[in-house]
$ cat data00.csv   # CSV, C-alpha atoms
chain,number,residue,atom,x,y,z
A,1,GLU,CA,-38.2,-24.4,-4.1
A,2,CYS,CA,-36.8,-21.5,-6.1
A,3,PRO,CA,-40.2,-20.2,-7.2
A,4,ALA,CA,-41.4,-20.1,-3.6
A,5,GLU,CA,-38.5,-17.9,-2.6
A,6,VAL,CA,-39.2,-15.6,-5.5
A,7,GLU,CA,-42.9,-15.5,-4.5
A,8,GLU,CA,-41.9,-14.7,-1.0
A,9,TRP,CA,-39.5,-12.0,-2.1
A,10,VAL,CA,-42.2,-10.4,-4.5
A,11,LEU,CA,-44.8,-10.6,-1.7
A,12,LYS,CA,-42.5,-8.9,0.8
A,13,SER,CA,-41.5,-6.2,-1.8
A,14,SER,CA,-45.1,-5.6,-2.6
A,15,LYS,CA,-46.0,-5.1,1.1
A,16,ASP,CA,-43.0,-2.8,1.6
A,17,ALA,CA,-44.0,-0.8,-1.4
A,18,THR,CA,-47.6,-0.5,-0.2
A,19,ARG,CA,-46.4,0.6,3.2
A,20,VAL,CA,-44.1,3.2,1.7
A,21,GLN,CA,-46.8,4.4,-0.6
A,22,ARG,CA,-49.2,4.9,2.3
A,23,MET,CA,-46.5,6.7,4.3
A,24,LEU,CA,-45.7,9.0,1.4
A,25,GLY,CA,-49.4,9.7,0.9
A,26,ILE,CA,-49.7,10.8,4.5
A,27,ARG,CA,-46.6,13.0,4.2
A,28,VAL,CA,-47.9,14.6,1.0
A,29,PHE,CA,-51.2,15.3,2.7
A,30,LYS,CA,-49.5,16.9,5.7
A,31,LEU,CA,-47.3,19.0,3.4
A,32,ASN,CA,-50.3,20.2,1.5
A,33,LYS,CA,-52.0,21.2,4.7
A,34,ILE,CA,-48.8,23.1,5.7
A,35,HIS,CA,-48.6,24.7,2.3
A,36,GLU,CA,-52.3,25.8,2.5
A,37,GLU,CA,-51.6,27.4,5.9
A,38,VAL,CA,-48.5,29.2,4.7
A,39,GLU,CA,-50.4,30.6,1.7
A,40,LYS,CA,-53.2,31.7,4.0
A,41,LEU,CA,-50.8,33.5,6.3
A,42,LYS,CA,-49.0,35.0,3.3
A,43,ARG,CA,-52.3,36.4,2.0
A,44,LYS,CA,-53.1,37.7,5.4
A,45,GLN,CA,-49.7,39.4,5.7
A,46,ASP,CA,-50.1,40.9,2.2
A,47,ALA,CA,-53.5,42.4,3.2
A,48,LYS,CA,-52.1,43.7,6.4
A,49,ASN,CA,-49.1,45.3,4.6
A,50,GLY,CA,-51.5,47.0,2.2
A,51,ILE,CA,-53.7,48.4,4.9
A,52,MET,CA,-50.7,49.7,6.9
A,53,SER,CA,-49.1,51.2,3.7
A,54,LEU,CA,-52.3,53.0,2.8
A,55,ASN,CA,-52.8,54.1,6.4
A,56,ASN,CA,-49.2,55.6,6.4
A,57,GLU,CA,-50.0,57.4,3.1
A,58,LEU,CA,-53.1,58.9,4.7
A,59,LYS,CA,-51.0,60.0,7.7
A,60,LEU,CA,-48.5,61.7,5.4
A,61,LEU,CA,-51.3,63.4,3.4
A,62,SER,CA,-52.9,64.6,6.6
A,63,ALA,CA,-49.6,66.0,7.9
A,64,LYS,CA,-49.0,67.8,4.6
A,65,LEU,CA,-52.5,69.2,4.6
A,66,ALA,CA,-52.2,70.3,8.2
A,67,ASP,CA,-48.8,72.0,7.5
A,68,PHE,CA,-50.2,73.7,4.4
A,69,GLU,CA,-53.3,75.0,6.4
A,70,ARG,CA,-51.0,76.2,9.2
A,71,LYS,CA,-49.0,78.2,6.7
A,72,ALA,CA,-52.1,79.3,4.8
A,73,GLY,CA,-53.7,80.5,8.1
A,74,ASN,CA,-50.9,83.0,8.6
A,75,LYS,CA,-52.6,86.4,8.1
A,76,GLN,CA,-49.3,88.1,7.4
A,77,ARG,CA,-49.0,86.3,4.1
A,78,LEU,CA,-51.9,88.3,2.8
A,79,LEU,CA,-50.0,91.5,3.4
A,80,ASN,CA,-47.1,90.3,1.4
A,81,LYS,CA,-46.9,91.8,-2.1
A,82,LYS,CA,-45.9,88.4,-3.6
A,83,VAL,CA,-49.3,86.9,-2.7
A,84,ASN,CA,-51.8,87.7,-5.3
A,85,SER,CA,-55.0,86.2,-6.6
A,86,SER,CA,-53.2,83.5,-8.6
A,87,SER,CA,-51.4,82.3,-5.6
A,88,LEU,CA,-54.7,82.1,-3.7
A,89,LEU,CA,-56.2,80.1,-6.5
A,90,GLU,CA,-53.1,77.8,-6.4
A,91,GLU,CA,-53.8,77.3,-2.7
A,92,GLU,CA,-57.4,76.4,-3.3
A,93,ARG,CA,-56.4,74.1,-6.1
A,94,PHE,CA,-53.9,72.4,-3.8
A,95,ARG,CA,-56.6,72.0,-1.1
A,96,LYS,CA,-59.0,70.4,-3.5
A,97,GLN,CA,-56.4,68.1,-4.9
A,98,MET,CA,-55.3,67.0,-1.5
A,99,GLN,CA,-58.9,66.5,-0.3
A,100,GLY,CA,-59.6,64.5,-3.4
A,101,MET,CA,-56.6,62.3,-2.9
A,102,PHE,CA,-57.4,61.9,0.8
A,103,ALA,CA,-61.0,60.9,0.1
A,104,THR,CA,-59.9,58.4,-2.5
A,105,LYS,CA,-57.3,56.8,-0.3
A,106,LEU,CA,-59.7,56.8,2.7
A,107,GLU,CA,-62.3,55.0,0.6
A,108,SER,CA,-59.7,52.4,-0.5
A,109,LEU,CA,-58.7,51.9,3.1
A,110,ARG,CA,-62.4,51.5,4.1
A,111,GLN,CA,-62.8,48.8,1.4
A,112,MET,CA,-59.6,47.0,2.6
A,113,LEU,CA,-60.7,47.1,6.2
A,114,ASN,CA,-64.2,45.7,5.2
A,115,GLU,CA,-62.5,42.9,3.3
A,116,TRP,CA,-60.2,42.3,6.3
A,117,ASP,CA,-63.1,42.2,8.7
A,118,LYS,CA,-65.0,39.8,6.4
A,119,ASN,CA,-62.0,37.4,6.0
A,120,GLU,CA,-60.1,37.8,9.3
A,121,GLY,CA,-62.5,39.4,11.8
A,122,CYS,CA,-61.7,42.3,14.0
A,123,ILE,CA,-58.2,43.9,13.8
A,124,GLU,CA,-56.3,42.9,17.0
A,125,ASP,CA,-53.1,44.9,16.4
A,126,ASP,CA,-53.7,48.4,17.8
A,127,GLU,CA,-50.5,49.6,16.2
A,128,MET,CA,-51.8,48.7,12.7
A,129,LEU,CA,-53.9,51.8,12.2
A,130,SER,CA,-53.8,55.4,13.2
A,131,GLU,CA,-56.8,57.4,14.4

$ encode --input "data00.csv" --output "structure tokens"
Amino acid sequence: ECPAEVEEWVLKSSKDATRVQRMLGIRVFKLNKIHEEVEKLKRKQDAKNGIMSLNNELKLLSAKLADFERKAGNKQRLLNKKVNSSSLLEEERFRKQMQGMFATKLESLRQMLNEWDKNEGCIEDDEMLSE
């Protein structure tokens, strides 16, 4: 009679272990799905942060350029003896440098937005980008 009790105990333990293994498999599957979703959302947020950061840099460059042009548009500065041809060349160099930086950043933003559109679709957050 002793071996029958042992067989019953082993059979019960085996069934319990199989049930626990199945349950753990299901939980691992669910955790993997959750992990995949979290990683997807993290990549989406990283892309969004990059777009917003570059957009803010462009706004800052645009504001600097507008301020510079406002100051450079003042005709009185040409009458000032401190303004000479070298300072006018400096202004032109600054303009070209800013325009180059602006064009580069704008192209990067365009690429990021194309990538976003390809992966996420249309941008729904109106606050994400400036004009």

$ closest_atom_pairs --input "data00.csv" --of "segment 14-77 of chain A" --to "segment 86-99 of chain A" --cutoff "10 Å" --atoms "all atoms listed in the file" --output "JSON lines"
{"residue": "A:Leu61", "atom": "CA", "partner": "A:Met98", "partner_atom": "CA", "distance": 7.3}
{"residue": "A:Ser62", "atom": "CA", "partner": "A:Met98", "partner_atom": "CA", "distance": 8.8}
{"residue": "A:Lys64", "atom": "CA", "partner": "A:Met98", "partner_atom": "CA", "distance": 8.8}
{"residue": "A:Leu65", "atom": "CA", "partner": "A:Met98", "partner_atom": "CA", "distance": 7.1}
{"residue": "A:Phe68", "atom": "CA", "partner": "A:Arg95", "partner_atom": "CA", "distance": 8.6}
{"residue": "A:Glu69", "atom": "CA", "partner": "A:Arg95", "partner_atom": "CA", "distance": 8.7}
{"residue": "A:Ala72", "atom": "CA", "partner": "A:Glu91", "partner_atom": "CA", "distance": 7.9}

$ write_last_selection --input "data00.csv" --atoms "C-alpha atoms" --output "PDB file, in the frame of the given file"
ATOM      1  CA  LEU A  61     -51.300  63.400   3.400  1.00  0.00           C
ATOM      2  CA  SER A  62     -52.900  64.600   6.600  1.00  0.00           C
ATOM      3  CA  LYS A  64     -49.000  67.800   4.600  1.00  0.00           C
ATOM      4  CA  LEU A  65     -52.500  69.200   4.600  1.00  0.00           C
ATOM      5  CA  PHE A  68     -50.200  73.700   4.400  1.00  0.00           C
ATOM      6  CA  GLU A  69     -53.300  75.000   6.400  1.00  0.00           C
ATOM      7  CA  ALA A  72     -52.100  79.300   4.800  1.00  0.00           C
TER       8      ALA A  72
END

$ atom_distance --input "data00.csv" --atom1 "atom CA of Ala17 of chain A" --atom2 "atom CA of Glu5 of chain A"
18.0 Å

$ residues_near_point --input "data00.csv" --point "(-54.8, 50.6, -2.5)" --cutoff "12 Å" --atoms "all atoms listed in the file" --output "PyMOL selection string"
chain A and resi 46-58+101+104-113

$ atom_distance --input "data00.csv" --atom1 "atom CA of His35 of chain A" --atom2 "atom CA of Met23 of chain A"
18.2 Å

$ atom_distance --input "data00.csv" --atom1 "atom CA of Arg43 of chain A" --atom2 "atom CA of Lys59 of chain A"
24.3 Å

$ decode --input "data00.csv" --residues "segment 4-53 of chain A" --atoms "N, CA and C atoms" --output "compact mmCIF listing (two decimals), in the first residue's frame"
# COMPACT_ATOMS: atom_id res chain seq x y z
N ALA A 4 1.53 2.73 -3.52
CA ALA A 4 0.37 3.39 -4.12
C ALA A 4 0.24 4.82 -3.62
N GLU A 5 0.50 5.03 -2.33
CA GLU A 5 0.46 6.38 -1.77
C GLU A 5 1.55 7.26 -2.39
N VAL A 6 2.71 6.66 -2.61
CA VAL A 6 3.82 7.40 -3.22
C VAL A 6 3.47 7.76 -4.65
N GLU A 7 2.89 6.81 -5.39
CA GLU A 7 2.50 7.07 -6.77
C GLU A 7 1.45 8.17 -6.84
N GLU A 8 0.50 8.13 -5.90
CA GLU A 8 -0.55 9.15 -5.86
C GLU A 8 0.05 10.53 -5.56
N TRP A 9 0.98 10.56 -4.62
CA TRP A 9 1.65 11.81 -4.26
C TRP A 9 2.45 12.36 -5.44
N VAL A 10 3.19 11.48 -6.12
CA VAL A 10 3.99 11.89 -7.27
C VAL A 10 3.08 12.38 -8.40
N LEU A 11 1.98 11.67 -8.64
CA LEU A 11 1.04 12.07 -9.69
C LEU A 11 0.44 13.44 -9.38
N LYS A 12 0.02 13.65 -8.12
CA LYS A 12 -0.56 14.95 -7.71
C LYS A 12 0.48 16.06 -7.86
N SER A 13 1.70 15.80 -7.43
CA SER A 13 2.77 16.81 -7.54
C SER A 13 3.05 17.13 -9.00
N SER A 14 3.04 16.11 -9.85
CA SER A 14 3.28 16.31 -11.27
C SER A 14 2.18 17.17 -11.89
N LYS A 15 0.93 16.89 -11.53
CA LYS A 15 -0.20 17.69 -12.05
C LYS A 15 -0.10 19.14 -11.56
N ASP A 16 0.22 19.29 -10.27
CA ASP A 16 0.37 20.65 -9.71
C ASP A 16 1.50 21.41 -10.42
N ALA A 17 2.62 20.72 -10.66
CA ALA A 17 3.75 21.36 -11.32
C ALA A 17 3.38 21.75 -12.75
N THR A 18 2.63 20.91 -13.43
CA THR A 18 2.20 21.21 -14.80
C THR A 18 1.28 22.42 -14.81
N ARG A 19 0.37 22.47 -13.87
CA ARG A 19 -0.56 23.61 -13.76
C ARG A 19 0.21 24.90 -13.47
N VAL A 20 1.14 24.84 -12.53
CA VAL A 20 1.94 26.01 -12.18
C VAL A 20 2.79 26.45 -13.37
N GLN A 21 3.36 25.48 -14.09
CA GLN A 21 4.17 25.82 -15.27
C GLN A 21 3.32 26.50 -16.33
N ARG A 22 2.11 26.01 -16.57
CA ARG A 22 1.21 26.62 -17.55
C ARG A 22 0.86 28.04 -17.12
N MET A 23 0.53 28.20 -15.84
CA MET A 23 0.17 29.52 -15.30
C MET A 23 1.35 30.49 -15.43
N LEU A 24 2.57 30.01 -15.11
CA LEU A 24 3.75 30.87 -15.23
C LEU A 24 4.02 31.23 -16.69
N GLY A 25 3.81 30.29 -17.58
CA GLY A 25 3.98 30.56 -19.01
C GLY A 25 3.05 31.66 -19.48
N ILE A 26 1.81 31.60 -19.03
CA ILE A 26 0.82 32.64 -19.39
C ILE A 26 1.25 34.00 -18.83
N ARG A 27 1.70 34.01 -17.59
CA ARG A 27 2.12 35.27 -16.98
C ARG A 27 3.36 35.85 -17.67
N VAL A 28 4.30 34.99 -18.03
CA VAL A 28 5.48 35.46 -18.76
C VAL A 28 5.07 36.04 -20.11
N PHE A 29 4.14 35.39 -20.78
CA PHE A 29 3.64 35.89 -22.07
C PHE A 29 3.02 37.28 -21.89
N LYS A 30 2.17 37.42 -20.87
CA LYS A 30 1.54 38.71 -20.61
C LYS A 30 2.58 39.78 -20.27
N LEU A 31 3.56 39.42 -19.46
CA LEU A 31 4.62 40.38 -19.11
C LEU A 31 5.42 40.79 -20.33
N ASN A 32 5.69 39.86 -21.23
CA ASN A 32 6.39 40.20 -22.47
C ASN A 32 5.58 41.17 -23.32
N LYS A 33 4.28 40.96 -23.40
CA LYS A 33 3.42 41.88 -24.15
C LYS A 33 3.45 43.27 -23.52
N ILE A 34 3.37 43.32 -22.21
CA ILE A 34 3.42 44.62 -21.51
C ILE A 34 4.77 45.29 -21.75
N HIS A 35 5.85 44.51 -21.67
CA HIS A 35 7.19 45.05 -21.90
C HIS A 35 7.31 45.61 -23.31
N GLU A 36 6.81 44.89 -24.30
CA GLU A 36 6.85 45.36 -25.68
C GLU A 36 6.09 46.68 -25.83
N GLU A 37 4.94 46.78 -25.19
CA GLU A 37 4.14 48.02 -25.27
C GLU A 37 4.86 49.18 -24.60
N VAL A 38 5.48 48.91 -23.44
CA VAL A 38 6.23 49.96 -22.74
C VAL A 38 7.40 50.44 -23.60
N GLU A 39 8.12 49.51 -24.22
CA GLU A 39 9.24 49.87 -25.08
C GLU A 39 8.77 50.68 -26.29
N LYS A 40 7.63 50.29 -26.86
CA LYS A 40 7.07 51.02 -28.00
C LYS A 40 6.72 52.45 -27.58
N LEU A 41 6.08 52.59 -26.43
CA LEU A 41 5.71 53.93 -25.95
C LEU A 41 6.95 54.76 -25.60
N LYS A 42 7.98 54.10 -25.09
CA LYS A 42 9.22 54.81 -24.78
C LYS A 42 9.87 55.33 -26.06
N ARG A 43 9.92 54.50 -27.11
CA ARG A 43 10.48 54.95 -28.39
C ARG A 43 9.66 56.11 -28.96
N LYS A 44 8.35 56.02 -28.82
CA LYS A 44 7.47 57.09 -29.31
C LYS A 44 7.75 58.39 -28.56
N GLN A 45 7.88 58.29 -27.24
CA GLN A 45 8.14 59.49 -26.43
C GLN A 45 9.51 60.07 -26.74
N ASP A 46 10.51 59.21 -26.94
CA ASP A 46 11.84 59.70 -27.30
C ASP A 46 11.81 60.45 -28.63
N ALA A 47 11.09 59.89 -29.60
CA ALA A 47 10.96 60.56 -30.90
C ALA A 47 10.24 61.89 -30.75
N LYS A 48 9.19 61.89 -29.96
CA LYS A 48 8.42 63.13 -29.74
C LYS A 48 9.30 64.18 -29.05
N ASN A 49 10.07 63.76 -28.06
CA ASN A 49 10.97 64.70 -27.37
C ASN A 49 12.00 65.28 -28.33
N GLY A 50 12.54 64.44 -29.22
CA GLY A 50 13.51 64.91 -30.19
C GLY A 50 12.91 65.94 -31.13
N ILE A 51 11.70 65.68 -31.58
CA ILE A 51 11.01 66.62 -32.48
C ILE A 51 10.75 67.94 -31.77
N MET A 52 10.26 67.86 -30.55
CA MET A 52 9.94 69.07 -29.80
C MET A 52 11.21 69.87 -29.49
N SER A 53 12.29 69.18 -29.16
CA SER A 53 13.55 69.85 -28.85
C SER A 53 14.08 70.58 -30.08
